[in-house]
>>> print(open('final.csv').read())   # CSV, C-alpha atoms and all ligand atoms
chain,number,residue,atom,x,y,z
E,226,GLU,CA,140.0,117.3,244.6
E,227,ASP,CA,142.3,119.1,242.2
E,228,VAL,CA,139.4,120.9,240.4
E,229,ASN,CA,138.9,124.3,242.1
E,230,LYS,CA,135.7,126.2,242.6
E,231,GLY,CA,136.9,129.3,241.0
E,232,ASP,CA,134.6,132.2,242.0
E,233,PHE,CA,131.8,130.0,243.1
E,234,PRO,CA,131.0,129.2,246.8
E,235,HIS,CA,130.2,125.6,246.0
E,236,TYR,CA,131.1,123.0,243.3
E,237,MET,CA,127.4,122.4,242.7
E,238,LEU,CA,126.8,126.0,241.7
E,239,LYS,CA,129.9,126.0,239.5
E,240,GLU,CA,128.7,122.8,237.8
E,241,ILE,CA,125.2,124.3,237.3
E,242,TYR,CA,126.8,127.3,235.6
E,243,GLU,CA,129.1,125.1,233.5
E,244,GLN,CA,126.1,123.7,231.6
E,245,THR,CA,126.3,126.3,228.9
E,246,GLU,CA,129.5,124.6,227.9
E,247,THR,CA,129.0,121.0,229.0
E,248,ILE,CA,125.8,120.6,226.8
E,249,GLN,CA,127.9,122.0,223.9
E,250,ASP,CA,130.7,119.5,224.7
E,251,ALA,CA,128.2,116.6,224.7
E,252,MET,CA,127.3,117.6,221.0
E,253,ARG,CA,130.7,118.7,219.9
E,254,GLY,CA,131.8,117.0,216.6
E,255,ARG,CA,128.7,114.8,216.8
E,256,LEU,CA,126.3,116.8,214.5
E,257,SER,CA,126.4,116.5,210.8
E,258,ARG,CA,124.5,119.1,208.8
E,259,GLU,CA,125.4,117.4,205.6
E,260,GLU,CA,123.6,114.3,206.6
E,261,ALA,CA,121.2,116.0,208.9
E,262,THR,CA,122.0,113.6,211.7
E,263,SER,CA,124.3,112.8,214.6
E,264,LYS,CA,127.5,110.9,214.4
E,265,LEU,CA,128.2,108.6,217.3
E,266,GLY,CA,131.2,106.5,216.3
E,267,GLY,CA,131.7,105.2,219.8
E,268,LEU,CA,128.6,103.0,219.4
E,269,GLU,CA,130.7,101.0,216.9
E,270,MET,CA,127.6,100.0,215.0
E,271,THR,CA,126.7,100.2,211.3
E,272,ASN,CA,123.5,101.8,210.1
E,273,ALA,CA,122.2,98.3,209.2
E,274,GLU,CA,122.9,97.1,212.8
E,275,LEU,CA,121.2,100.2,214.2
E,276,ARG,CA,118.3,99.8,211.9
E,277,SER,CA,117.7,96.2,213.2
E,278,VAL,CA,117.4,97.3,216.8
E,279,GLU,CA,113.9,96.4,217.9
E,280,ARG,CA,114.0,97.6,221.5
E,281,ILE,CA,116.1,99.8,223.7
E,282,ILE,CA,116.6,99.5,227.4
E,283,LEU,CA,118.0,102.4,229.3
E,284,THR,CA,119.2,101.8,232.8
E,285,GLY,CA,121.0,103.7,235.6
E,286,CYS,CA,120.6,104.9,239.2
E,287,GLY,CA,119.5,108.1,240.8
E,288,THR,CA,119.8,111.1,238.5
E,289,ALA,CA,120.9,108.9,235.6
E,290,SER,CA,117.7,106.9,235.9
E,291,HIS,CA,115.7,110.2,235.5
E,292,ALA,CA,117.8,111.1,232.4
E,293,ALA,CA,116.9,107.6,231.1
E,294,MET,CA,113.2,108.3,231.6
E,295,VAL,CA,113.5,111.5,229.6
E,296,GLY,CA,115.4,109.5,227.0
E,297,GLU,CA,112.6,107.0,226.8
E,298,TYR,CA,110.2,109.8,225.7
E,299,ILE,CA,112.7,111.3,223.4
E,300,ILE,CA,113.8,108.1,221.6
E,301,GLU,CA,110.2,107.0,221.1
E,302,GLU,CA,109.3,110.4,219.8
E,303,LEU,CA,112.2,110.9,217.4
E,304,ALA,CA,112.9,107.3,216.4
E,305,HIS,CA,109.7,105.3,217.2
E,306,VAL,CA,111.8,102.6,218.7
E,307,PRO,CA,110.1,100.9,221.7
E,308,THR,CA,112.2,102.0,224.7
E,309,GLU,CA,112.0,100.9,228.3
E,310,VAL,CA,113.7,102.2,231.5
E,311,GLU,CA,114.7,100.0,234.4
E,312,PHE,CA,116.5,101.0,237.6
E,313,ALA,CA,119.9,99.3,237.3
E,314,SER,CA,119.3,98.0,240.8
E,315,GLU,CA,116.2,96.1,239.6
E,316,PHE,CA,117.5,95.1,236.2
E,317,ARG,CA,119.3,92.0,237.4
E,318,TYR,CA,116.5,90.9,239.7
E,319,ARG,CA,113.8,91.1,237.1
E,320,ASN,CA,113.7,88.6,234.4
E,321,MET,CA,112.8,91.0,231.6
E,322,PRO,CA,112.1,89.1,228.4
E,323,LEU,CA,114.0,91.0,225.7
E,324,PRO,CA,114.0,90.4,221.9
E,325,LYS,CA,117.3,89.3,220.5
E,326,ASP,CA,117.8,92.6,218.8
E,327,SER,CA,117.7,94.7,222.0
E,328,LEU,CA,120.2,97.4,222.7
E,329,VAL,CA,121.0,98.2,226.3
E,330,PHE,CA,122.4,101.6,227.4
E,331,VAL,CA,123.9,101.8,230.9
E,332,ILE,CA,124.0,105.4,232.0
E,333,SER,CA,126.5,106.5,234.7
E,334,GLN,CA,128.3,109.7,235.3
E,335,SER,CA,131.0,108.0,237.4
E,336,GLY,CA,131.0,104.7,235.5
E,337,GLU,CA,131.5,103.0,238.9
E,338,THR,CA,128.0,102.6,240.4
E,339,ALA,CA,127.8,99.0,241.6
E,340,ASP,CA,124.2,98.4,240.6
E,341,THR,CA,124.8,99.9,237.1
E,342,LEU,CA,127.9,97.8,236.6
E,343,ALA,CA,126.0,94.7,237.7
E,344,ALA,CA,123.2,95.6,235.1
E,345,LEU,CA,125.9,95.9,232.4
E,346,ARG,CA,127.3,92.5,233.2
E,347,GLU,CA,123.9,90.8,233.4
E,348,SER,CA,122.9,92.3,230.1
E,349,GLN,CA,126.1,91.1,228.5
E,350,ARG,CA,125.6,87.7,230.0
E,351,LYS,CA,122.2,87.5,228.2
E,352,GLY,CA,124.0,88.4,224.9
E,353,HIS,CA,122.7,91.9,224.5
E,354,ARG,CA,124.9,94.6,223.0
E,355,THR,CA,125.5,96.9,226.0
E,356,LEU,CA,126.7,100.5,225.6
E,357,GLY,CA,127.8,103.0,228.1
E,358,VAL,CA,126.9,106.7,228.5
E,359,CYS,CA,129.6,107.7,231.0
E,360,ASN,CA,131.5,110.8,232.0
E,361,ASN,CA,134.5,109.1,233.5
E,362,VAL,CA,136.5,107.7,230.6
E,363,ALA,CA,138.7,105.6,232.9
E,364,SER,CA,135.8,103.9,234.7
E,365,THR,CA,134.9,100.3,234.9
E,366,ILE,CA,131.7,100.7,233.0
E,367,ALA,CA,133.5,102.6,230.2
E,368,ARG,CA,136.0,99.8,230.0
E,369,GLU,CA,133.6,96.8,230.1
E,370,SER,CA,130.8,98.2,227.9
E,371,ASP,CA,130.7,97.2,224.2
E,372,GLY,CA,131.0,100.8,223.2
E,373,GLY,CA,129.2,104.0,224.0
E,374,VAL,CA,129.1,107.8,224.1
E,375,TYR,CA,131.2,109.8,226.5
E,376,MET,CA,129.7,112.9,228.1
E,377,HIS,CA,132.9,115.0,228.2
E,378,ALA,CA,131.4,117.1,230.9
E,379,GLY,CA,134.6,117.4,233.0
E,380,PRO,CA,134.7,116.2,236.7
E,381,GLU,CA,131.5,116.5,238.6
E,382,ILE,CA,132.4,117.0,242.3
E,383,GLY,CA,129.1,118.1,243.9
E,384,VAL,CA,127.4,115.0,245.2
E,385,ALA,CA,124.1,116.1,243.7
E,386,ALA,CA,124.3,115.5,240.0
E,387,THR,CA,123.6,118.5,237.8
E,388,LYS,CA,125.6,118.9,234.6
E,389,SER,CA,125.7,115.2,234.1
E,390,PHE,CA,121.9,115.1,233.8
E,391,THR,CA,121.7,117.6,231.0
E,392,SER,CA,124.7,116.0,229.2
E,393,GLN,CA,122.9,112.6,229.5
E,394,VAL,CA,119.7,114.0,228.1
E,395,THR,CA,121.6,115.7,225.3
E,396,ILE,CA,123.3,112.4,224.3
E,397,LEU,CA,120.0,110.5,224.4
E,398,THR,CA,118.6,113.1,222.1
E,399,LEU,CA,121.6,112.5,219.7
E,400,ILE,CA,120.8,108.8,219.9
E,401,GLY,CA,117.1,109.5,219.1
E,402,LEU,CA,118.1,111.7,216.1
E,403,LEU,CA,120.5,109.1,214.8
E,404,LEU,CA,118.0,106.2,215.0
E,405,GLY,CA,115.2,108.4,213.6
E,406,ARG,CA,117.2,109.5,210.6
E,407,ILE,CA,117.9,105.9,209.5
E,408,ARG,CA,114.2,105.0,209.8
E,409,HIS,CA,111.6,107.5,208.9
E,410,MET,CA,112.8,111.0,209.8
E,411,SER,CA,113.2,113.6,206.9
E,412,THR,CA,116.3,115.6,206.2
E,413,THR,CA,114.4,118.8,207.0
E,414,GLU,CA,113.3,117.4,210.4
E,415,GLY,CA,116.8,116.3,211.1
E,416,LEU,CA,118.2,119.8,210.3
E,417,ARG,CA,115.5,121.4,212.4
E,418,ILE,CA,116.5,119.3,215.4
E,419,ILE,CA,120.2,120.2,214.8
E,420,ASP,CA,119.3,123.9,214.8
E,421,GLU,CA,117.3,123.5,218.0
E,422,LEU,CA,120.1,121.6,219.7
E,423,GLU,CA,122.6,124.2,218.8
E,424,ALA,CA,120.4,126.9,220.2
E,425,ILE,CA,120.2,125.3,223.6
E,426,PRO,CA,123.4,126.6,225.3
E,427,ALA,CA,122.4,130.3,224.7
E,428,LYS,CA,119.0,129.5,226.2
E,429,VAL,CA,120.6,127.9,229.2
E,430,ALA,CA,122.6,131.1,229.7
E,431,LYS,CA,119.4,133.1,229.8
E,432,ILE,CA,118.0,130.8,232.5
E,433,LEU,CA,121.2,131.2,234.6
E,434,GLU,CA,120.8,135.0,234.5
E,435,GLN,CA,117.7,134.5,236.7
E,436,THR,CA,119.6,133.1,239.7
E,437,ASP,CA,118.7,136.0,241.9
E,438,HIS,CA,115.0,135.7,241.1
E,439,ILE,CA,115.2,131.9,241.8
E,440,LYS,CA,117.0,132.6,245.1
E,441,LYS,CA,114.2,134.9,246.3
E,442,ILE,CA,111.7,132.1,245.5
E,443,ALA,CA,113.8,129.6,247.4
E,444,GLU,CA,114.0,131.9,250.4
E,445,LYS,CA,110.2,132.4,250.4
E,446,TYR,CA,109.5,128.7,250.5
E,447,SER,CA,112.5,127.4,252.5
E,448,GLY,CA,110.4,126.9,255.6
E,449,ALA,CA,108.2,124.2,253.9
E,450,HIS,CA,108.4,120.7,255.4
E,451,SER,CA,107.2,119.1,252.2
E,452,MET,CA,107.1,120.0,248.5
E,453,MET,CA,105.5,118.5,245.4
E,454,PHE,CA,107.0,118.5,241.9
E,455,LEU,CA,104.6,117.9,239.1
E,456,GLY,CA,105.0,117.6,235.3
E,457,ARG,CA,103.7,115.7,232.4
E,458,GLN,CA,105.1,113.9,229.4
E,459,PHE,CA,108.8,114.9,228.7
E,460,ASN,CA,108.7,116.8,232.0
E,461,TYR,CA,107.3,114.1,234.2
E,462,PRO,CA,110.9,112.7,234.8
E,463,VAL,CA,112.0,116.3,235.4
E,464,ALA,CA,109.5,116.5,238.3
E,465,LEU,CA,111.2,113.4,239.7
E,466,GLU,CA,114.6,115.0,239.3
E,467,GLY,CA,113.5,118.3,240.8
E,468,ALA,CA,112.2,116.5,243.9
E,469,LEU,CA,115.4,114.4,244.1
E,470,LYS,CA,117.6,117.5,244.1
E,471,MET,CA,115.4,119.2,246.8
E,472,LYS,CA,115.6,116.1,249.0
E,473,GLU,CA,119.3,115.4,248.5
E,474,ILE,CA,120.6,118.8,249.5
E,475,SER,CA,118.0,120.7,251.5
E,476,TYR,CA,116.5,117.6,253.3
E,477,ILE,CA,113.0,118.9,252.7
E,478,HIS,CA,110.7,116.0,251.9
E,479,ALA,CA,109.8,116.3,248.2
E,480,SER,CA,108.1,114.0,245.8
E,481,GLY,CA,107.7,114.1,242.0
E,482,HIS,CA,104.6,112.9,240.2
E,483,PRO,CA,102.9,113.0,236.8
E,484,SER,CA,100.6,116.0,237.2
E,485,ALA,CA,97.4,114.1,236.4
E,486,GLU,CA,98.1,111.5,239.1
E,487,LEU,CA,97.4,114.2,241.7
E,488,LYS,CA,93.8,113.4,241.9
E,489,HIS,CA,94.6,109.7,242.5
E,490,GLY,CA,96.1,110.3,245.9
E,491,VAL,CA,98.7,113.1,246.1
E,492,ILE,CA,96.1,115.8,246.3
E,493,ALA,CA,95.3,114.6,249.8
E,494,LEU,CA,98.6,116.1,250.9
E,495,ILE,CA,98.0,119.5,249.4
E,496,SER,CA,97.5,122.4,251.9
E,497,ALA,CA,98.7,126.0,252.3
E,498,ASP,CA,101.9,124.7,253.8
E,499,VAL,CA,102.8,122.4,250.9
E,500,PRO,CA,104.2,124.3,247.8
E,501,SER,CA,103.8,122.6,244.4
E,502,VAL,CA,106.3,123.1,241.7
E,503,PHE,CA,104.7,122.7,238.3
E,504,ILE,CA,106.8,122.1,235.2
E,505,ALA,CA,104.5,123.6,232.7
E,506,PRO,CA,106.3,124.9,229.5
E,507,ASP,CA,104.3,125.8,226.4
E,508,ASP,CA,104.0,122.2,225.1
E,509,SER,CA,101.2,119.9,224.0
E,510,VAL,CA,100.1,119.3,227.6
E,511,PHE,CA,100.2,122.9,228.8
E,512,GLU,CA,96.4,123.3,229.1
E,513,LYS,CA,96.2,120.0,231.0
E,514,ASN,CA,98.9,121.2,233.4
E,515,VAL,CA,96.9,124.4,234.0
E,516,SER,CA,93.8,122.3,234.9
E,517,ASN,CA,96.0,120.4,237.4
E,518,ILE,CA,97.3,123.7,238.8
E,519,GLU,CA,93.7,124.8,239.3
E,520,GLU,CA,93.0,121.7,241.3
E,521,VAL,CA,95.9,122.5,243.7
E,522,ARG,CA,94.9,126.2,243.9
E,523,ALA,CA,91.4,125.2,244.9
E,524,ARG,CA,93.0,123.4,248.0
E,525,LYS,CA,95.1,126.6,248.8
E,526,GLY,CA,98.4,125.0,247.7
E,527,PRO,CA,101.0,127.6,246.7
E,528,ILE,CA,102.2,127.2,243.1
E,529,ILE,CA,105.6,127.8,241.7
E,530,SER,CA,105.6,127.3,237.9
E,531,ILE,CA,108.4,126.7,235.4
E,532,ALA,CA,106.9,128.1,232.2
E,533,THR,CA,107.8,129.6,228.8
E,534,GLU,CA,108.6,133.3,228.4
E,535,GLY,CA,105.7,135.3,227.2
E,536,ASN,CA,103.0,133.0,228.7
E,537,THR,CA,100.7,135.3,230.6
E,538,LYS,CA,98.1,132.7,231.5
E,539,ILE,CA,100.5,130.9,233.8
E,540,GLU,CA,101.1,134.1,235.9
E,541,LYS,CA,97.4,134.3,236.7
E,542,VAL,CA,97.4,130.8,238.2
E,543,SER,CA,100.8,130.8,239.9
E,544,ASP,CA,102.2,132.5,243.0
E,545,ASP,CA,105.7,132.5,241.5
E,546,VAL,CA,107.0,131.8,237.9
E,547,ILE,CA,110.4,131.0,236.6
E,548,PHE,CA,110.5,131.5,232.8
E,549,ILE,CA,112.5,129.5,230.2
E,550,PRO,CA,113.0,130.5,226.6
E,551,PRO,CA,110.8,128.7,224.0
E,552,CYS,CA,112.0,125.3,222.7
E,553,PRO,CA,110.5,122.1,221.1
E,554,ASP,CA,108.7,119.9,223.6
E,555,PHE,CA,111.3,117.1,223.5
E,556,LEU,CA,114.2,119.5,224.4
E,557,SER,CA,112.4,121.2,227.2
E,558,PRO,CA,113.8,118.9,230.0
E,559,ILE,CA,117.3,120.3,229.4
E,560,LEU,CA,115.9,123.8,230.1
E,561,THR,CA,113.3,123.1,232.8
E,562,SER,CA,115.7,121.0,234.9
E,563,ILE,CA,118.1,124.0,235.4
E,564,PRO,CA,115.7,126.3,237.4
E,565,LEU,CA,115.0,123.2,239.6
E,566,GLN,CA,118.7,122.7,240.3
E,567,LEU,CA,119.0,126.4,241.3
E,568,LEU,CA,115.8,126.2,243.4
E,569,ALA,CA,117.2,123.2,245.4
E,570,TYR,CA,120.6,124.9,245.6
E,571,HIS,CA,119.4,128.2,247.0
E,572,THR,CA,117.0,126.5,249.3
E,573,ALA,CA,119.8,124.4,250.8
E,574,VAL,CA,122.1,127.4,251.1
E,575,THR,CA,119.3,129.3,252.8
E,576,LEU,CA,118.9,126.5,255.3
E,577,GLY,CA,122.6,126.3,256.0
E,578,CYS,CA,123.1,122.8,254.5
E,579,ASP,CA,126.4,121.5,253.2
E,580,VAL,CA,125.5,121.6,249.6
E,581,ASP,CA,128.5,119.8,248.1
E,582,LYS,CA,128.5,117.0,250.7
E,583,PRO,CA,125.0,116.3,251.8
E,584,ARG,CA,124.5,113.9,254.8
E,585,ASN,CA,124.3,110.2,254.2
E,586,LEU,CA,125.0,110.5,250.4
E,587,ALA,CA,128.0,109.4,248.4
E,588,LYS,CA,129.0,110.7,245.0
E,589,SER,CA,129.4,107.2,243.7
E,590,VAL,CA,127.7,104.2,245.3
E,591,THR,CA,130.1,101.4,244.8
E,592,VAL,CA,128.4,98.8,247.0
E,593,GLU,CA,125.1,97.1,246.2
E,601,LIG,C1,124.7,108.6,243.7
E,601,LIG,C2,124.8,110.1,243.5
E,601,LIG,C3,123.7,110.6,242.5
E,601,LIG,C4,123.9,109.9,241.2
E,601,LIG,C5,123.8,108.3,241.4
E,601,LIG,C6,124.2,107.6,240.1
E,601,LIG,O1,123.5,108.3,244.3
E,601,LIG,O2,124.6,110.7,244.8
E,601,LIG,O3,123.9,112.0,242.3
E,601,LIG,O4,122.9,110.3,240.3
E,601,LIG,O5,124.7,107.9,242.4
E,601,LIG,O6,125.6,107.9,239.9
E,601,LIG,P1,126.3,107.6,238.5
E,601,LIG,O7,127.7,107.9,238.7
E,601,LIG,O8,126.1,106.1,238.2
E,601,LIG,O9,125.6,108.4,237.4
>>> encode(input="final.csv", output="structure tokens")
Amino acid sequence: EDVNKGDFPHYMLKEIYEQTETIQDAMRGRLSREEATSKLGGLEMTNAELRSVERIILTGCGTASHAAMVGEYIIEELAHVPTEVEFASEFRYRNMPLPKDSLVFVISQSGETADTLAALRESQRKGHRTLGVCNNVASTIARESDGGVYMHAGPEIGVAATKSFTSQVTILTLIGLLLGRIRHMSTTEGLRIIDELEAIPAKVAKILEQTDHIKKIAEKYSGAHSMMFLGRQFNYPVALEGALKMKEISYIHASGHPSAELKHGVIALISADVPSVFIAPDDSVFEKNVSNIEEVRARKGPIISIATEGNTKIEKVSDDVIFIPPCPDFLSPILTSIPLQLLAYHTAVTLGCDVDKPRNLAKSVTVE
């Protein structure tokens, strides 16, 4: 490991802090104000080819699969192209009928995950153009894919993926913007999205300033044996990712769910000992999330909310709140995922866990 930790006690914390730059690096040179779109030359596809794409499949494992799920919401919102996510480990065992003009993206930080590589090869065998979203430029997936978009996030050493998630979501947003602009999206809308993307790194910095506050929350709940992570729409996959981070490094059992699914089973698990983390920014489903929070409160479940600055309503229904700056709904996962990374990190440190090398896990799983 020739990358050093600098002033940080762990690689994971260093990588969480790097996100102000890595998100920028994922966009660098890829936004054109002149054309109000993104430029992704690595796709090696003409606008006519991109316009004929009828379906997009996003695949990957672990954190990359959660980024893919966020991407599904984003691409459908911005480009109205039907998009589907499949775990790379299931892709080759499922006989997914795909239209001829399907475009497959394999998402992998390392570019070496065995299941993701197998999905790439299976997709190519079926004749689909298969593109990579990788960080490691010298990887097998980067080499074998038909093109793609590099993350340029720098080495990620911490086993629990952090900066690669926000880079992947940023790139999937660029893909949504590109596909939207050659279909129905107006110049003004394209420019608005560029402005909002460019504003993200400064907002990430504001979230990182709250690390001490998040640490106190982590300490308060670190005795929990089980935690719930709940979110809706763009933030449903963030709930899955928040739960994954918590499990991976703190070994606290955690599960992520769409908030409204609570009443179909999960609510049976709620008690005063089971904290629920609600990802509830000011978006089109905020009020719905508040109703779900009320259901948990009625069962005495402690509530930690991730919400938008200035929202006073959330404070009345939550035990603890971590605020993020305002942003459009489709960009919120980039911001809401960061407090959850810090929450998992500080919980694991409080419990004395080996944050960078959690038990039983490998940075890259190169066996099936
Ligand atoms: C392992 C790591 C995860 C990672 C996943 C996919 O399980 O522990 O953090 O998300 O592999 O890795 P990839 O390199 O394909 O993105």
>>> residues_around(input="final.csv", residues="Asn517 in chain E", least_positions_apart="3", cutoff="8 Å", atoms="only C-alpha atoms", output="list of chain:residue names")
E:Ser484, E:Ala485, E:Leu487, E:Lys513, E:Asn514, E:Glu520, E:Val521
>>> residues_near_ligand(input="final.csv", ligand="ligand LIG 601 (chain E)", cutoff="7 Å", atoms="all atoms listed in the file", output="PDB file with C-alpha atoms, in the frame of the given file")
ATOM      1  CA  GLY E 285     121.000 103.700 235.600  1.00  0.00           C
ATOM      2  CA  CYS E 286     120.600 104.900 239.200  1.00  0.00           C
ATOM      3  CA  GLY E 287     119.500 108.100 240.800  1.00  0.00           C
ATOM      4  CA  THR E 288     119.800 111.100 238.500  1.00  0.00           C
ATOM      5  CA  ALA E 289     120.900 108.900 235.600  1.00  0.00           C
ATOM      6  CA  ILE E 332     124.000 105.400 232.000  1.00  0.00           C
ATOM      7  CA  SER E 333     126.500 106.500 234.700  1.00  0.00           C
ATOM      8  CA  GLN E 334     128.300 109.700 235.300  1.00  0.00           C
ATOM      9  CA  SER E 335     131.000 108.000 237.400  1.00  0.00           C
ATOM     10  CA  GLY E 336     131.000 104.700 235.500  1.00  0.00           C
ATOM     11  CA  GLU E 337     131.500 103.000 238.900  1.00  0.00           C
ATOM     12  CA  THR E 338     128.000 102.600 240.400  1.00  0.00           C
ATOM     13  CA  THR E 341     124.800  99.900 237.100  1.00  0.00           C
ATOM     14  CA  VAL E 384     127.400 115.000 245.200  1.00  0.00           C
ATOM     15  CA  ALA E 385     124.100 116.100 243.700  1.00  0.00           C
ATOM     16  CA  ALA E 386     124.300 115.500 240.000  1.00  0.00           C
ATOM     17  CA  LEU E 586     125.000 110.500 250.400  1.00  0.00           C
ATOM     18  CA  ALA E 587     128.000 109.400 248.400  1.00  0.00           C
ATOM     19  CA  LYS E 588     129.000 110.700 245.000  1.00  0.00           C
ATOM     20  CA  SER E 589     129.400 107.200 243.700  1.00  0.00           C
ATOM     21  CA  VAL E 590     127.700 104.200 245.300  1.00  0.00           C
TER      22      VAL E 590
END
>>> atom_distance(input="final.csv", atom1="CA of Ala532 in chain E", atom2="CA of Val580 in chain E")
26.3 Å
>>> atom_distance(input="final.csv", atom1="CA of Lys582 in chain E", atom2="CA of Leu455 in chain E")
26.6 Å
>>> residues_around(input="final.csv", residues="Tyr461 in chain E", least_positions_apart="3", cutoff="9 Å", atoms="all atoms listed in the file", output="PDB file with C-alpha atoms, in the coordinates of the input")
ATOM      1  CA  MET E 294     113.200 108.300 231.600  1.00  0.00           C
ATOM      2  CA  VAL E 295     113.500 111.500 229.600  1.00  0.00           C
ATOM      3  CA  PHE E 454     107.000 118.500 241.900  1.00  0.00           C
ATOM      4  CA  LEU E 455     104.600 117.900 239.100  1.00  0.00           C
ATOM      5  CA  GLY E 456     105.000 117.600 235.300  1.00  0.00           C
ATOM      6  CA  ARG E 457     103.700 115.700 232.400  1.00  0.00           C
ATOM      7  CA  GLN E 458     105.100 113.900 229.400  1.00  0.00           C
ATOM      8  CA  ALA E 464     109.500 116.500 238.300  1.00  0.00           C
ATOM      9  CA  LEU E 465     111.200 113.400 239.700  1.00  0.00           C
ATOM     10  CA  GLU E 466     114.600 115.000 239.300  1.00  0.00           C
ATOM     11  CA  GLY E 481     107.700 114.100 242.000  1.00  0.00           C
ATOM     12  CA  HIS E 482     104.600 112.900 240.200  1.00  0.00           C
ATOM     13  CA  PRO E 483     102.900 113.000 236.800  1.00  0.00           C
ATOM     14  CA  SER E 484     100.600 116.000 237.200  1.00  0.00           C
ATOM     15  CA  ILE E 504     106.800 122.100 235.200  1.00  0.00           C
TER      16      ILE E 504
END
>>> atom_distance(input="final.csv", atom1="CA of Ala339 in chain E", atom2="CA of Glu311 in chain E")
15.0 Å
>>> residues_around(input="final.csv", residues="range 553-562 of chain E", least_positions_apart="5", cutoff="10 Å", atoms="all atoms listed in the file", output="PyMOL selection string")
chain E and resi 244+248+292+295-296+298-300+302-303+387-388+390-395+398+418+421-422+425-426+428-432+458-464+466-467+504-510+531-533+547-548+567-568
>>> build_atoms(input="final.csv", residues="range 422-435 of chain E", atoms="N, CA and C atoms", output="PDB file, keeping the file's coordinate frame")
ATOM      1  N   LEU E 422     119.031 122.019 218.772  1.00  0.00           N
ATOM      2  CA  LEU E 422     120.100 121.600 219.700  1.00  0.00           C
ATOM      3  C   LEU E 422     121.132 122.652 219.871  1.00  0.00           C
ATOM      4  N   GLU E 423     121.547 123.204 218.733  1.00  0.00           N
ATOM      5  CA  GLU E 423     122.600 124.200 218.800  1.00  0.00           C
ATOM      6  C   GLU E 423     122.171 125.491 219.477  1.00  0.00           C
ATOM      7  N   ALA E 424     120.861 125.719 219.528  1.00  0.00           N
ATOM      8  CA  ALA E 424     120.400 126.900 220.200  1.00  0.00           C
ATOM      9  C   ALA E 424     120.256 126.772 221.704  1.00  0.00           C
ATOM     10  N   ILE E 425     120.394 125.558 222.175  1.00  0.00           N
ATOM     11  CA  ILE E 425     120.200 125.300 223.600  1.00  0.00           C
ATOM     12  C   ILE E 425     121.152 126.034 224.545  1.00  0.00           C
ATOM     13  N   PRO E 426     122.472 125.987 224.300  1.00  0.00           N
ATOM     14  CA  PRO E 426     123.400 126.600 225.300  1.00  0.00           C
ATOM     15  C   PRO E 426     123.064 128.094 225.546  1.00  0.00           C
ATOM     16  N   ALA E 427     122.704 128.864 224.521  1.00  0.00           N
ATOM     17  CA  ALA E 427     122.400 130.300 224.700  1.00  0.00           C
ATOM     18  C   ALA E 427     121.115 130.413 225.591  1.00  0.00           C
ATOM     19  N   LYS E 428     120.199 129.473 225.433  1.00  0.00           N
ATOM     20  CA  LYS E 428     119.000 129.500 226.200  1.00  0.00           C
ATOM     21  C   LYS E 428     119.274 129.161 227.696  1.00  0.00           C
ATOM     22  N   VAL E 429     120.219 128.237 227.873  1.00  0.00           N
ATOM     23  CA  VAL E 429     120.600 127.900 229.200  1.00  0.00           C
ATOM     24  C   VAL E 429     121.227 129.129 229.909  1.00  0.00           C
ATOM     25  N   ALA E 430     122.025 129.884 229.164  1.00  0.00           N
ATOM     26  CA  ALA E 430     122.600 131.100 229.700  1.00  0.00           C
ATOM     27  C   ALA E 430     121.562 132.077 230.185  1.00  0.00           C
ATOM     28  N   LYS E 431     120.485 132.186 229.429  1.00  0.00           N
ATOM     29  CA  LYS E 431     119.400 133.100 229.800  1.00  0.00           C
ATOM     30  C   LYS E 431     118.722 132.653 231.116  1.00  0.00           C
ATOM     31  N   ILE E 432     118.625 131.344 231.296  1.00  0.00           N
ATOM     32  CA  ILE E 432     118.000 130.800 232.500  1.00  0.00           C
ATOM     33  C   ILE E 432     118.934 131.130 233.728  1.00  0.00           C
ATOM     34  N   LEU E 433     120.232 130.944 233.508  1.00  0.00           N
ATOM     35  CA  LEU E 433     121.200 131.200 234.600  1.00  0.00           C
ATOM     36  C   LEU E 433     121.198 132.627 235.066  1.00  0.00           C
ATOM     37  N   GLU E 434     120.847 133.530 234.146  1.00  0.00           N
ATOM     38  CA  GLU E 434     120.800 135.000 234.500  1.00  0.00           C
ATOM     39  C   GLU E 434     119.731 135.226 235.588  1.00  0.00           C
ATOM     40  N   GLN E 435     118.821 134.272 235.759  1.00  0.00           N
ATOM     41  CA  GLN E 435     117.700 134.500 236.700  1.00  0.00           C
ATOM     42  C   GLN E 435     118.001 133.972 238.096  1.00  0.00           C
TER      43      GLN E 435
END
